[in-house]
Amino acid sequence: MFSRRVFLGGLAAGVTEAALAQRASFAATSTHTVWLNANEYPDGPPPASIAAMTRTLAESNRYHYEEFESFYAKLAENFHVGPDNILVGSGSSEVLHCAIDAFVNQTRPYITSWPSFEAGPVLCAARGFPVVKILLRSDHSADVRALAKAASDAGGGLIYVCNPNNPTSSLTPVEDIRWLAGHLPPATYLLVDEAYIHFTALGEQDSAIELMRKGKSVIVARTFSKIYGMAGLRVGFVLAPSELIHAMTPYRNNVISIIGVRAALAALDLGPRLIEERRARIADMRRGLTDWCGRKRLQYIEPHANFMMIETGKDVRQVGAALMTRSVAAGRPFPPYNTMLRVTIGAEKDMAKFQNALSEVLGL
């Protein structure tokens with residue numbers, strides 16, 4: 001029932017009795033539950049991808065290893081890089097794990113903005129690797145100079161920046177990412193997680209991929225889980241200089257499902273129009289939610305992804321549990337934002353249900 005991101009996130013936050021109780025309540029949900037807790041796209045894969053998956057089911061008795069070369073070639077063409085600049089994995093979580101295994105050890109830490117995606121710190125804890133957490137700045141962007149200093153002090157390591165950031169939906173300015181890539185200390189690598197970049201107003205020229213193309217020690221993570229609506233298919237990848245890809249490759253598990261490959265290929269064939277349409281749809285619903293928060297006098301962090309953080313003024317564990325009794329799944333604790341609720345931007349009817357439920361819970 002829980003994705004690897006949700007499960008690892010729970011471990012990172014600490015599996016308390018309250019967290020276990022919340023998961024138990026998830027297990028007892030009805031078919032009427034609105035799921036706004038995992039940053040998923042509400043409409044699912046595009047019809048072309050669904051058709052491709054349907055055709056593939058009858059052929060899923062085979063591994064189809066011979067088709068993966070063409071998948072790499074298609075991704076390379078799409079991002080104007082070489083096939084040796086790409087590593088595909090099970091969602092962006094697996095390739096993040098590959099980067100940690102390749103570039104983090106007992107003396108070179110994993111250095112991350114905080115709070116952010118928790119899978120990295122969880123894996124490092126399991127491996128016995130040190131983790132350095134640098135708090136976000138007051139505008140919720142990454143403190144790039146503090147990240148660089150932490151790497152310099154440690155003699156190297158892997159710097160992780162999620163942009164837009166999860167859970168805050170905040171954006172680190174492009175010029176800050178460029179500064180960081182240009183001031184990496186020796187033996188330091190920068191991993192920019194762009195899982196949510198398609199929901200922003202940024203263009204491809206603003207992606208950290210451009211820095212990688214220029215030979216910087218930059219790794220960029222992308223996924224088909226979010227705007228492509230394929231979270232359950234687990235298709236992700238990183239783009240990086242070929243020597244970094246070579247270092248990460250031994251730590252990959254194997255290959256992803258051929259069903260996921262063909263779904264992703266069908267989506268790529270649709271071109272940028274699919275992204276533009278879906279971005280506009282989420283932006284419109286996100287604007288509706290921020291407008292609603294304004295009318296209700298609720299504070300929030302300015303969102304740039306398909307989710308946002310809303311200030312509730314209450315323990316978010318209690319708020320989340322109360323929402324679950326109203327068949328709305330949203331949020332979980334993201335310390336130190338203990339009173340802020342992260343909610344995914346869902347379909348119109350789902351957002352209406354969320355707004356009604358949150359109004360009841362908060363007495364608005």
# chains A, B, ... in the order shown; residues from 1 in each chain; ligands from 1
call {"tool": "select_by_dssp", "arguments": {"residues": "range 74-304 of chain A", "states": "alpha helix (DSSP H)", "output": "compact mmCIF listing (two decimals) with C-alpha atoms, in the first residue's frame"}}
result
# COMPACT_ATOMS: atom_id res chain seq x y z
CA LYS A 74 15.36 7.91 -26.63
CA LEU A 75 16.10 9.52 -23.28
CA ALA A 76 19.47 10.71 -24.58
CA GLU A 77 17.83 12.26 -27.62
CA ASN A 78 15.20 13.94 -25.46
CA PHE A 79 17.79 15.57 -23.18
CA GLY A 91 11.91 5.50 -9.65
CA SER A 92 14.36 8.22 -8.71
CA SER A 93 14.84 6.54 -5.31
CA GLU A 94 16.99 3.74 -6.71
CA VAL A 95 19.33 6.01 -8.62
CA LEU A 96 19.63 8.24 -5.54
CA HIS A 97 20.72 5.13 -3.65
CA CYS A 98 23.26 4.41 -6.39
CA ALA A 99 24.74 7.89 -5.98
CA ILE A 100 25.02 7.45 -2.22
CA ASP A 101 26.74 4.09 -2.57
CA ALA A 102 29.16 5.54 -5.11
CA PHE A 103 30.03 8.89 -3.52
CA ALA A 119 15.37 8.52 1.65
CA GLY A 120 19.00 9.68 1.52
CA PRO A 121 19.48 10.15 5.27
CA VAL A 122 17.69 6.85 5.94
CA LEU A 123 20.00 4.89 3.63
CA CYS A 124 23.07 6.63 5.03
CA ALA A 125 22.01 5.73 8.57
CA ALA A 126 21.68 2.09 7.51
CA ARG A 127 25.13 2.19 5.89
CA VAL A 144 23.98 26.83 -1.07
CA ARG A 145 26.94 28.54 0.57
CA ALA A 146 26.41 26.60 3.79
CA LEU A 147 26.15 23.37 1.78
CA ALA A 148 29.44 24.11 0.00
CA LYS A 149 31.14 24.96 3.29
CA ALA A 150 29.94 21.72 4.87
CA ALA A 151 31.45 19.76 1.98
CA SER A 152 34.71 21.71 2.23
CA ASP A 153 34.93 21.10 5.98
CA ALA A 154 34.34 17.37 5.46
CA VAL A 174 18.63 28.95 -10.64
CA GLU A 175 21.53 31.31 -10.00
CA ASP A 176 22.11 29.69 -6.59
CA ILE A 177 22.27 26.22 -8.14
CA ARG A 178 24.73 27.54 -10.73
CA TRP A 179 26.84 29.12 -7.99
CA LEU A 180 26.94 25.86 -6.06
CA ALA A 181 27.91 23.82 -9.13
CA GLY A 182 30.71 26.29 -9.81
CA ILE A 209 21.10 19.39 -16.74
CA GLU A 210 22.74 22.33 -18.50
CA LEU A 211 25.44 22.35 -15.81
CA MET A 212 26.03 18.64 -16.29
CA ARG A 213 26.41 19.17 -20.04
CA SER A 242 29.79 9.48 -18.03
CA GLU A 243 32.44 8.82 -15.37
CA LEU A 244 29.87 9.41 -12.63
CA ILE A 245 27.36 7.14 -14.36
CA HIS A 246 30.07 4.49 -14.55
CA ALA A 247 30.70 4.81 -10.82
CA MET A 248 26.99 4.48 -9.96
CA ILE A 258 9.32 -3.52 -19.75
CA ILE A 259 5.78 -2.33 -19.08
CA GLY A 260 7.19 0.83 -17.51
CA VAL A 261 9.66 1.29 -20.37
CA ARG A 262 6.99 1.20 -23.04
CA ALA A 263 4.70 3.47 -21.06
CA ALA A 264 7.51 6.00 -20.70
CA LEU A 265 8.41 5.80 -24.39
CA ALA A 266 4.80 6.42 -25.39
CA ALA A 267 4.70 9.48 -23.12
CA LEU A 268 7.94 10.87 -24.55
CA ASP A 269 6.53 10.48 -28.05
CA PRO A 272 6.31 18.85 -24.71
CA ARG A 273 2.59 19.50 -25.21
CA LEU A 274 1.70 16.84 -22.64
CA ILE A 275 3.90 18.55 -20.05
CA GLU A 276 2.51 21.99 -20.87
CA GLU A 277 -1.10 20.86 -20.55
CA ARG A 278 -0.53 19.03 -17.28
CA ARG A 279 1.52 21.87 -15.82
CA ALA A 280 -1.26 24.32 -16.63
CA ARG A 281 -3.88 22.05 -15.06
CA ILE A 282 -1.96 21.76 -11.80
CA ALA A 283 -1.12 25.48 -11.76
CA ASP A 284 -4.81 26.34 -12.09
CA MET A 285 -5.86 24.04 -9.23
CA ARG A 286 -2.90 25.17 -7.12
CA ARG A 287 -3.98 28.77 -7.60
CA GLY A 288 -7.47 27.80 -6.49
CA LEU A 289 -6.08 26.31 -3.27
CA THR A 290 -3.88 29.31 -2.48
CA ASP A 291 -6.84 31.61 -3.11
CA TRP A 292 -8.93 29.51 -0.73
CA CYS A 293 -6.19 29.69 1.91
CA GLY A 294 -6.17 33.46 1.51
CA ARG A 295 -9.91 33.66 2.08
call {"tool": "residues_around", "arguments": {"residues": "Asn61 in chain A", "least_positions_apart": "2", "cutoff": "12 Å", "atoms": "only C-alpha atoms", "output": "list in words"}}
result
Thr56, Leu57, Ala58, Glu59, Tyr63, His64, Ser257, Ile258 and Ile259 of chain A
call {"tool": "closest_residue", "arguments": {"among": "A:Val316, A:Phe354, A:Arg108, A:Val255", "to": "Glu66 in chain A", "atoms": "only C-alpha atoms"}}
result
A:Val255
call {"tool": "residues_around", "arguments": {"residues": "Ser327 in chain A", "least_positions_apart": "2", "cutoff": "7 Å", "atoms": "only C-alpha atoms", "output": "PyMOL selection string"}}
result
chain A and resi 29+32-34+323-325+329
call {"tool": "residues_around", "arguments": {"residues": "range 193-203 of chain A", "least_positions_apart": "6", "cutoff": "7 Å", "atoms": "only C-alpha atoms", "output": "ChimeraX atom specification"}}
result
/A:161-164,220-223,226-227,275,279,304-306
call {"tool": "closest_residue", "arguments": {"among": "A:Arg137, A:Arg234, A:His183, A:Arg326", "to": "Ser217 in chain A", "atoms": "only C-alpha atoms"}}
result
A:His183
call {"tool": "decode", "arguments": {"residues": "range 281-302 of chain A", "atoms": "N, CA and C atoms", "output": "PDB file, in the first residue's frame"}}
result
ATOM      1  N   ARG A 281      -2.774  22.598 -15.875  1.00  0.00           N
ATOM      2  CA  ARG A 281      -3.884  22.053 -15.064  1.00  0.00           C
ATOM      3  C   ARG A 281      -3.553  22.134 -13.578  1.00  0.00           C
ATOM      4  N   ILE A 282      -2.346  21.715 -13.206  1.00  0.00           N
ATOM      5  CA  ILE A 282      -1.956  21.758 -11.798  1.00  0.00           C
ATOM      6  C   ILE A 282      -1.835  23.202 -11.317  1.00  0.00           C
ATOM      7  N   ALA A 283      -1.284  24.070 -12.141  1.00  0.00           N
ATOM      8  CA  ALA A 283      -1.125  25.476 -11.756  1.00  0.00           C
ATOM      9  C   ALA A 283      -2.484  26.111 -11.477  1.00  0.00           C
ATOM     10  N   ASP A 284      -3.469  25.779 -12.283  1.00  0.00           N
ATOM     11  CA  ASP A 284      -4.806  26.336 -12.088  1.00  0.00           C
ATOM     12  C   ASP A 284      -5.409  25.851 -10.769  1.00  0.00           C
ATOM     13  N   MET A 285      -5.300  24.564 -10.481  1.00  0.00           N
ATOM     14  CA  MET A 285      -5.856  24.039  -9.226  1.00  0.00           C
ATOM     15  C   MET A 285      -5.044  24.512  -8.025  1.00  0.00           C
ATOM     16  N   ARG A 286      -3.746  24.652  -8.199  1.00  0.00           N
ATOM     17  CA  ARG A 286      -2.895  25.167  -7.115  1.00  0.00           C
ATOM     18  C   ARG A 286      -3.275  26.606  -6.784  1.00  0.00           C
ATOM     19  N   ARG A 287      -3.553  27.392  -7.809  1.00  0.00           N
ATOM     20  CA  ARG A 287      -3.982  28.769  -7.601  1.00  0.00           C
ATOM     21  C   ARG A 287      -5.320  28.811  -6.864  1.00  0.00           C
ATOM     22  N   GLY A 288      -6.199  27.868  -7.197  1.00  0.00           N
ATOM     23  CA  GLY A 288      -7.471  27.798  -6.492  1.00  0.00           C
ATOM     24  C   GLY A 288      -7.287  27.508  -5.017  1.00  0.00           C
ATOM     25  N   LEU A 289      -6.313  26.646  -4.679  1.00  0.00           N
ATOM     26  CA  LEU A 289      -6.084  26.311  -3.275  1.00  0.00           C
ATOM     27  C   LEU A 289      -5.434  27.479  -2.535  1.00  0.00           C
ATOM     28  N   THR A 290      -4.497  28.162  -3.154  1.00  0.00           N
ATOM     29  CA  THR A 290      -3.879  29.311  -2.483  1.00  0.00           C
ATOM     30  C   THR A 290      -4.902  30.435  -2.291  1.00  0.00           C
ATOM     31  N   ASP A 291      -5.789  30.612  -3.263  1.00  0.00           N
ATOM     32  CA  ASP A 291      -6.842  31.614  -3.110  1.00  0.00           C
ATOM     33  C   ASP A 291      -7.759  31.249  -1.939  1.00  0.00           C
ATOM     34  N   TRP A 292      -8.086  29.981  -1.828  1.00  0.00           N
ATOM     35  CA  TRP A 292      -8.929  29.506  -0.726  1.00  0.00           C
ATOM     36  C   TRP A 292      -8.233  29.745   0.611  1.00  0.00           C
ATOM     37  N   CYS A 293      -6.938  29.438   0.675  1.00  0.00           N
ATOM     38  CA  CYS A 293      -6.189  29.687   1.909  1.00  0.00           C
ATOM     39  C   CYS A 293      -6.215  31.174   2.267  1.00  0.00           C
ATOM     40  N   GLY A 294      -6.108  32.028   1.254  1.00  0.00           N
ATOM     41  CA  GLY A 294      -6.167  33.457   1.508  1.00  0.00           C
ATOM     42  C   GLY A 294      -7.497  33.871   2.105  1.00  0.00           C
ATOM     43  N   ARG A 295      -8.583  33.325   1.556  1.00  0.00           N
ATOM     44  CA  ARG A 295      -9.910  33.663   2.083  1.00  0.00           C
ATOM     45  C   ARG A 295     -10.093  33.154   3.508  1.00  0.00           C
ATOM     46  N   LYS A 296      -9.458  32.024   3.813  1.00  0.00           N
ATOM     47  CA  LYS A 296      -9.592  31.435   5.141  1.00  0.00           C
ATOM     48  C   LYS A 296      -8.521  31.949   6.109  1.00  0.00           C
ATOM     49  N   ARG A 297      -7.675  32.860   5.635  1.00  0.00           N
ATOM     50  CA  ARG A 297      -6.599  33.438   6.455  1.00  0.00           C
ATOM     51  C   ARG A 297      -5.613  32.357   6.946  1.00  0.00           C
ATOM     52  N   LEU A 298      -5.326  31.407   6.090  1.00  0.00           N
ATOM     53  CA  LEU A 298      -4.354  30.354   6.389  1.00  0.00           C
ATOM     54  C   LEU A 298      -3.019  30.716   5.756  1.00  0.00           C
ATOM     55  N   GLN A 299      -1.954  30.679   6.538  1.00  0.00           N
ATOM     56  CA  GLN A 299      -0.616  30.922   6.019  1.00  0.00           C
ATOM     57  C   GLN A 299      -0.139  29.684   5.247  1.00  0.00           C
ATOM     58  N   TYR A 300       0.719  29.887   4.265  1.00  0.00           N
ATOM     59  CA  TYR A 300       1.274  28.770   3.506  1.00  0.00           C
ATOM     60  C   TYR A 300       2.607  29.184   2.905  1.00  0.00           C
ATOM     61  N   ILE A 301       3.402  28.180   2.535  1.00  0.00           N
ATOM     62  CA  ILE A 301       4.645  28.437   1.805  1.00  0.00           C
ATOM     63  C   ILE A 301       4.295  28.530   0.325  1.00  0.00           C
ATOM     64  N   GLU A 302       4.772  29.561  -0.327  1.00  0.00           N
ATOM     65  CA  GLU A 302       4.469  29.755  -1.752  1.00  0.00           C
ATOM     66  C   GLU A 302       4.864  28.504  -2.538  1.00  0.00           C
TER      67      GLU A 302
END
